[in-house]
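Asks: The file below is query20.txt, compact mmCIF, C-alpha atoms:
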# COMPACT_ATOMS: atom_id res chain seq x y z
CA MET D 1137 116.83 71.89 120.67
CA GLU D 1138 116.92 69.93 117.43
CA ILE D 1139 119.30 67.06 117.97
CA SER D 1140 119.90 63.80 116.24
CA SER D 1141 121.75 60.84 117.66
CA GLY D 1142 123.86 60.30 114.56
CA ASP D 1143 124.91 56.88 113.39
CA GLY D 1144 126.06 55.37 116.63
CA PRO D 1145 126.07 55.91 120.34
CA GLY D 1146 128.37 58.36 122.08
CA PHE D 1147 127.74 61.57 120.20
CA ILE D 1148 124.92 63.82 119.02
CA THR D 1149 124.81 66.38 116.26
CA SER D 1150 123.01 69.73 116.27
CA LYS D 1151 123.29 73.21 114.87
CA LEU D 1152 125.49 75.60 116.83
CA GLU D 1153 122.70 78.17 116.77
CA SER D 1154 120.30 75.69 118.41
CA ALA D 1155 122.88 74.99 121.09
CA VAL D 1156 123.27 78.72 121.75
CA ALA D 1157 119.48 79.10 121.94
CA TRP D 1158 119.29 76.23 124.42
CA ALA D 1159 122.04 77.76 126.55
CA ARG D 1160 120.47 81.24 126.55
CA LYS D 1161 117.08 79.79 127.43
CA TYR D 1162 118.52 78.45 130.69
CA SER D 1163 120.66 81.50 131.43
CA ILE D 1164 118.13 84.22 132.16
CA PHE D 1165 119.67 87.00 134.22
CA ILE D 1166 116.86 89.28 135.32
CA TYR D 1167 117.13 92.99 136.08
CA PRO D 1168 114.13 93.72 138.32
CA PHE D 1169 112.92 97.29 137.72
CA VAL D 1170 110.70 97.49 140.77
CA THR D 1171 108.55 100.56 141.37
CA ALA D 1172 105.43 99.56 143.25
CA CYS D 1173 103.36 96.97 145.09
CA CYS D 1174 104.00 94.22 142.51
CA GLY D 1175 107.55 94.20 143.89
CA MET D 1176 106.33 92.36 146.95
CA GLU D 1177 104.77 89.71 144.73
CA TYR D 1178 107.98 89.49 142.71
CA MET D 1179 109.88 88.79 145.94
CA SER D 1180 107.47 86.02 146.82
CA ALA D 1181 107.73 84.54 143.31
CA ALA D 1182 111.52 84.72 143.52
CA SER D 1183 111.59 82.95 146.88
CA GLY D 1184 112.83 79.41 147.37
CA HIS D 1185 109.31 78.02 147.56
CA PHE D 1186 108.69 78.60 143.85
CA ASP D 1187 112.33 78.11 142.82
CA MET D 1188 112.77 80.28 139.72
CA ASP D 1189 116.23 78.72 139.40
CA ARG D 1190 114.53 75.75 137.71
CA PHE D 1191 114.20 78.04 134.68
CA GLY D 1192 117.71 79.45 134.95
CA ALA D 1193 116.36 82.72 136.34
CA GLY D 1194 117.54 82.34 139.91
CA LEU D 1195 120.15 85.08 139.97
CA PRO D 1196 118.90 88.67 139.56
CA ARG D 1197 121.58 91.07 138.37
CA PHE D 1198 121.41 94.57 139.78
CA SER D 1199 123.21 96.20 136.89
CA PRO D 1200 121.46 96.57 133.54
CA ARG D 1201 124.78 95.90 131.79
CA GLN D 1202 124.88 92.37 133.20
CA ALA D 1203 121.23 91.50 132.59
CA ASP D 1204 119.43 89.74 129.75
CA VAL D 1205 115.83 90.28 130.77
CA LEU D 1206 114.29 93.53 131.97
CA LEU D 1207 111.49 92.62 134.37
CA VAL D 1208 109.31 95.71 134.73
CA VAL D 1209 107.47 95.31 138.01
CA GLY D 1210 104.89 97.88 139.08
CA THR D 1211 103.14 100.97 137.79
CA ILE D 1212 105.17 103.14 135.42
CA SER D 1213 104.28 106.80 135.70
CA HIS D 1214 105.17 109.39 133.09
CA LYS D 1215 107.84 110.71 135.46
CA ILE D 1216 109.70 107.37 135.76
CA ALA D 1217 109.20 106.40 132.09
CA PRO D 1218 112.40 108.11 130.76
CA ILE D 1219 114.44 106.36 133.46
CA LEU D 1220 112.97 102.98 132.48
CA ARG D 1221 113.82 103.67 128.85
CA ARG D 1222 117.37 104.61 129.84
CA VAL D 1223 117.83 101.37 131.80
CA TYR D 1224 116.57 99.45 128.75
CA ASP D 1225 119.04 101.27 126.49
CA GLN D 1226 121.90 100.41 128.86
CA MET D 1227 121.29 96.68 128.49
CA CYS D 1228 123.38 94.70 126.00
CA GLU D 1229 121.89 92.63 123.18
CA PRO D 1230 120.37 90.10 123.21
CA LYS D 1231 117.74 91.40 125.59
CA TRP D 1232 114.13 90.71 126.38
CA VAL D 1233 111.45 92.61 128.30
CA VAL D 1234 108.79 91.11 130.56
CA ALA D 1235 105.84 93.21 131.74
CA PHE D 1236 104.94 92.05 135.25
CA GLY D 1237 101.47 93.01 136.44
CA VAL D 1238 98.53 94.62 134.71
CA CYS D 1239 99.84 98.17 135.31
CA THR D 1240 102.82 97.52 133.06
CA CYS D 1241 100.70 95.64 130.52
CA THR D 1242 97.98 98.24 129.99
CA GLY D 1243 98.00 100.74 132.83
CA GLY D 1244 95.29 98.68 134.47
CA PHE D 1245 93.33 100.37 137.22
CA TYR D 1246 95.25 103.63 136.80
CA ASP D 1247 93.47 105.01 133.75
CA ASN D 1248 94.53 108.61 134.35
CA TYR D 1249 96.86 111.44 133.35
CA ALA D 1250 99.81 110.26 135.47
CA THR D 1251 100.26 106.66 134.37
CA VAL D 1252 101.79 105.19 131.22
CA GLN D 1253 99.06 103.11 129.60
CA GLY D 1254 101.19 100.05 128.99
CA ILE D 1255 105.00 100.01 128.78
CA ASP D 1256 104.78 98.76 125.20
CA THR D 1257 104.26 102.44 124.33
CA ILE D 1258 107.91 103.05 125.28
CA LEU D 1259 109.65 99.63 125.05
CA PRO D 1260 109.31 96.50 122.93
CA VAL D 1261 107.71 93.94 125.27
CA ASP D 1262 108.17 90.19 124.77
CA ILE D 1263 106.00 88.65 127.50
CA TYR D 1264 102.99 90.08 129.32
CA ILE D 1265 102.07 88.72 132.77
CA PRO D 1266 98.75 90.33 133.74
CA GLY D 1267 97.23 90.22 137.21
CA CYS D 1268 96.89 92.59 140.13
CA PRO D 1269 99.23 91.21 141.31
CA PRO D 1270 99.95 88.08 139.23
CA ARG D 1271 100.19 84.88 141.23
CA PRO D 1272 103.64 83.27 141.39
CA GLU D 1273 102.33 80.45 139.18
CA ALA D 1274 101.46 83.05 136.54
CA VAL D 1275 104.99 84.44 136.81
CA LEU D 1276 106.45 80.98 136.31
CA ASP D 1277 104.14 80.46 133.31
CA GLY D 1278 105.44 83.75 131.88
CA LEU D 1279 109.01 82.58 132.41
CA ILE D 1280 108.32 79.32 130.58
CA LYS D 1281 106.74 81.28 127.70
CA LEU D 1282 109.84 83.51 127.63
CA GLN D 1283 112.04 80.40 127.45
CA THR D 1284 109.96 79.07 124.55
CA LYS D 1285 110.29 82.41 122.79
CA ILE D 1286 114.07 82.58 123.33
CA GLU D 1287 114.46 79.06 121.97
CA SER D 1288 112.35 79.78 118.91
CA GLN D 1289 114.31 82.91 118.00
CA ARG D 1290 117.38 83.07 115.81
CA HIS D 1291 120.71 83.51 117.55
CA PRO D 1292 123.09 84.48 114.77
CA LEU D 1293 126.78 84.32 115.69
CA ARG D 1294 127.46 87.25 113.40
CA GLU D 1295 125.45 89.97 111.63
CA ILE D 1296 123.09 88.63 108.99
CA MET T 790 149.88 123.79 151.41
CA THR T 791 146.72 121.75 151.75
CA ALA T 792 144.09 121.12 149.14
CA ALA T 793 140.65 122.51 149.75
CA VAL T 794 138.33 119.73 150.92
CA LYS T 795 134.82 119.88 149.55
CA ASN T 796 131.84 117.77 150.41
CA MET T 797 130.98 115.06 147.91
CA LEU T 798 127.63 114.93 146.13
CA VAL T 799 126.18 111.47 145.53
CA ASN T 800 123.03 110.90 143.52
CA VAL T 801 120.89 107.99 144.66
CA GLY T 802 118.08 106.88 142.41
CA PRO T 803 115.53 107.61 140.98
CA SER T 804 115.62 103.83 140.59
CA HIS T 805 118.15 101.81 142.50
CA PRO T 806 117.93 98.03 142.94
CA ALA T 807 118.87 98.32 146.61
CA MET T 808 115.89 100.58 147.30
CA HIS T 809 112.29 99.59 147.57
CA GLY T 810 110.43 102.10 145.51
CA VAL T 811 111.50 105.07 143.48
CA ILE T 812 112.82 108.35 144.88
CA ARG T 813 115.67 110.63 143.92
CA LEU T 814 118.08 111.63 146.71
CA ILE T 815 120.86 114.15 146.15
CA THR T 816 123.08 113.52 149.15
CA GLU T 817 125.95 115.65 150.35
CA LEU T 818 128.61 113.65 152.17
CA GLU T 819 131.35 114.80 154.47
CA GLY T 820 133.43 111.68 154.63
CA GLU T 821 130.92 109.02 155.61
CA THR T 822 128.54 111.47 157.26
CA VAL T 823 125.48 112.60 155.37
CA VAL T 824 125.24 116.32 155.99
CA ASN T 825 122.40 117.16 153.62
CA VAL T 826 119.80 115.39 151.51
CA GLU T 827 117.55 116.81 148.85
CA ALA T 828 114.72 114.43 148.06
CA GLU T 829 112.67 114.51 144.88
CA ILE T 830 109.46 112.55 145.03
CA GLY T 831 106.62 111.84 142.64
CA TYR T 832 108.10 109.02 140.55
CA LEU T 833 105.24 106.78 141.60
CA HIS T 834 102.51 109.41 141.47
CA ARG T 835 99.62 107.56 139.84
CA ALA T 836 96.71 109.74 140.92
CA PHE T 837 95.62 107.28 143.57
CA GLU T 838 93.58 110.03 145.23
CA ASN T 839 91.31 110.31 142.18
CA PRO T 840 89.23 107.14 141.91
CA PRO T 841 88.12 106.46 138.34
Since I need it in another form, could you write the structure as structure tokens?
Replies:
Amino acid sequence: MEISSGDGPGFITSKLESAVAWARKYSIFIYPFVTACCGMEYMSAASGHFDMDRFGAGLPRFSPRQADVLLVVGTISHKIAPILRRVYDQMCEPKWVVAFGVCTCTGGFYDNYATVQGIDTILPVDIYIPGCPPRPEAVLDGLIKLQTKIESQRHPLREI
Amino acid sequence: MTAAVKNMLVNVGPSHPAMHGVIRLITELEGETVVNVEAEIGYLHRAFENPP
């Protein structure tokens, strides 16, 4: 956040939009869309040992209408793809999408007729976390990159 | 006169955060008793049986 200490002690000045960006960066409510084996690794990454709450992402919301970040965990087949798109459409703006695992990034190992070759063919993806499965450290790195992206984006308080 | 009581249909899935995995269940409930379930599978079919 861009802040300046002003002329004297006791107060700081900033732009309201920067303050909103800072607040949103530390208020990541994740909707975990879990389909496959990466779900186990998500549970381990979300455990107390790795403490995702440090990045404001400690509380998963199990309704897309209450979530900010869609965390797509596990292989997306062509049969589940319309449901994933529907969950994405149910989320309120501002929203971000994280692809968790190589299956969601590119299709990975499953280069065949049944599997969507990367969820970016059906959704706009902000952060890719590859790995089969990704280590919890990689997930945390992805979260930090998401925070950096949220902070660098504009957060207009009205339509521009 | 009593109203006709019908069983209730509840759709579960295909993706529900309380479930591990993806499956669609069309359940028929009589009160709290599940009297019938129709399961639709295949949401995670990724051709695992065909190695590349």
Asks: To one decimal place, how far is atom CA of Glu821 of chain T from atom CA of Ser804 of chain T in Å?
Replies: 22.1 Å
Asks: Mind running chain D against chain T at 8 Å and telling me each contacting residue's nearest atom pair with the distance in Å (one decimal), counting all atoms listed in the file, chain and number ascending, as CSV?
Replies:
residue,atom,partner,partner_atom,distance
D:Pro1168,CA,T:Pro806,CA,7.4
D:Phe1169,CA,T:Pro806,CA,7.3
D:Val1170,CA,T:Gly810,CA,6.6
D:Thr1171,CA,T:Gly810,CA,4.8
D:Ala1172,CA,T:Gly810,CA,6.0
D:Phe1198,CA,T:Pro806,CA,5.8
D:Thr1211,CA,T:Leu833,CA,7.3
D:Ile1212,CA,T:Leu833,CA,7.2
D:Ser1213,CA,T:Leu833,CA,6.0
D:Lys1215,CA,T:Tyr832,CA,5.4
D:Ile1216,CA,T:Tyr832,CA,5.3
D:Ile1219,CA,T:Ser804,CA,7.7
D:Tyr1246,CA,T:Arg835,CA,6.6
D:Asp1247,CA,T:Pro841,CA,7.2
D:Asn1248,CA,T:Ala836,CA,7.0
D:Tyr1249,CA,T:Ala836,CA,7.8
D:Ala1250,CA,T:Arg835,CA,5.1
D:Thr1251,CA,T:Arg835,CA,5.6
Asks: Would you compute, for all listed atoms of segment 1208-1215 of chain D, the axis-aligned bounding box grown by 4 Å on each side, and then report its centre and edge lengths in Å rounded to one decimal, as JSON?
Replies:
{"center_x": 106.2, "center_y": 103.0, "center_z": 136.1, "size_x": 14.2, "size_y": 23.4, "size_z": 14.0}
Asks: Please, what distance in Å, to one decimal, runs between atom CA of Lys795 of chain T and atom CA of Glu827 of chain T?
Replies: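 So the answer is 17.6 Å.
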Asks: Which residue gives the smallest distance to Pro1218 of chain D among D:Cys1241, D:Ile1258, D:Pro1270, D:Lys1161, with all atoms listed in the file counted?
Replies: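 Looking at the shortest contact to Pro1218 of chain D, the residue is D:Ile1258.
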Asks: In Å, with one decimal, what is the gap from atom CA of Gly1267 of chain D to atom CA of Cys1239 of chain D?
Replies: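 Between these atoms lies a distance of 8.6 Å.
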Asks: Using all atoms listed in the file, find the one residue out of D:Ala1159, D:Leu1195, D:Gln1226, D:Glu1153 that sits nearest to Arg1294 of chain D.
Replies: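 The closest residue to Arg1294 of chain D is D:Glu1153.
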Asks: Write out as a PyMOL selection string each polymer residue whose atoms come within 8 Å of Ala1157 of chain D, counting all atoms listed in the file; drop sequence neighbours fewer than 3 positions from it.
Replies: chain D and resi 1137+1153-1154+1160-1161+1286-1291
Asks: Got a moment to write chain T out with C-alpha atoms, as an mmCIF file, in the first residue's frame?
Replies:
data_model
loop_
_atom_site.group_PDB
_atom_site.id
_atom_site.type_symbol
_atom_site.label_atom_id
_atom_site.label_comp_id
_atom_site.auth_asym_id
_atom_site.auth_seq_id
_atom_site.Cartn_x
_atom_site.Cartn_y
_atom_site.Cartn_z
ATOM 1 C CA MET T 790 -59.888 -33.469 4.762
ATOM 2 C CA THR T 791 -56.180 -34.161 4.676
ATOM 3 C CA ALA T 792 -53.681 -33.019 2.107
ATOM 4 C CA ALA T 793 -51.996 -35.657 0.024
ATOM 5 C CA VAL T 794 -48.465 -36.256 1.321
ATOM 6 C CA LYS T 795 -45.855 -36.817 -1.334
ATOM 7 C CA ASN T 796 -42.253 -37.789 -0.956
ATOM 8 C CA MET T 797 -39.747 -34.983 -1.365
ATOM 9 C CA LEU T 798 -37.062 -35.030 -4.040
ATOM 10 C CA VAL T 799 -33.691 -33.578 -3.067
ATOM 11 C CA ASN T 800 -30.855 -33.156 -5.536
ATOM 12 C CA VAL T 801 -27.382 -33.594 -4.090
ATOM 13 C CA GLY T 802 -24.447 -32.582 -6.224
ATOM 14 C CA PRO T 803 -22.932 -32.957 -8.807
ATOM 15 C CA SER T 804 -20.534 -30.835 -6.771
ATOM 16 C CA HIS T 805 -21.208 -30.225 -3.114
ATOM 17 C CA PRO T 806 -18.600 -28.873 -0.689
ATOM 18 C CA ALA T 807 -19.631 -31.402 1.958
ATOM 19 C CA MET T 808 -18.858 -34.309 -0.375
ATOM 20 C CA HIS T 809 -15.489 -35.634 -1.341
ATOM 21 C CA GLY T 810 -15.637 -36.057 -5.059
ATOM 22 C CA VAL T 811 -18.314 -35.436 -7.621
ATOM 23 C CA ILE T 812 -21.494 -37.475 -8.034
ATOM 24 C CA ARG T 813 -25.106 -36.568 -8.643
ATOM 25 C CA LEU T 814 -27.683 -38.115 -6.293
ATOM 26 C CA ILE T 815 -31.415 -37.656 -6.818
ATOM 27 C CA THR T 816 -32.797 -38.672 -3.439
ATOM 28 C CA GLU T 817 -36.403 -39.333 -2.563
ATOM 29 C CA LEU T 818 -37.184 -38.609 1.079
ATOM 30 C CA GLU T 819 -40.093 -39.710 3.196
ATOM 31 C CA GLY T 820 -39.646 -37.440 6.155
ATOM 32 C CA GLU T 821 -36.050 -38.038 7.158
ATOM 33 C CA THR T 822 -35.894 -41.505 5.628
ATOM 34 C CA VAL T 823 -34.233 -41.932 2.266
ATOM 35 C CA VAL T 824 -36.494 -44.277 0.332
ATOM 36 C CA ASN T 825 -34.797 -44.108 -3.058
ATOM 37 C CA VAL T 826 -31.596 -42.806 -4.605
ATOM 38 C CA GLU T 827 -30.722 -42.428 -8.248
ATOM 39 C CA ALA T 828 -27.000 -41.947 -8.691
ATOM 40 C CA GLU T 829 -25.390 -40.457 -11.775
ATOM 41 C CA ILE T 830 -21.679 -41.051 -12.053
ATOM 42 C CA GLY T 831 -18.979 -40.143 -14.538
ATOM 43 C CA TYR T 832 -18.193 -36.562 -13.487
ATOM 44 C CA LEU T 833 -14.600 -37.563 -12.854
ATOM 45 C CA HIS T 834 -14.237 -39.903 -15.813
ATOM 46 C CA ARG T 835 -10.787 -39.060 -17.144
ATOM 47 C CA ALA T 836 -10.029 -42.195 -19.148
ATOM 48 C CA PHE T 837 -7.690 -43.531 -16.501
ATOM 49 C CA GLU T 838 -7.993 -47.002 -18.047
ATOM 50 C CA ASN T 839 -6.347 -45.799 -21.269
ATOM 51 C CA PRO T 840 -2.694 -45.004 -20.548
ATOM 52 C CA PRO T 841 -1.285 -42.443 -22.980
#
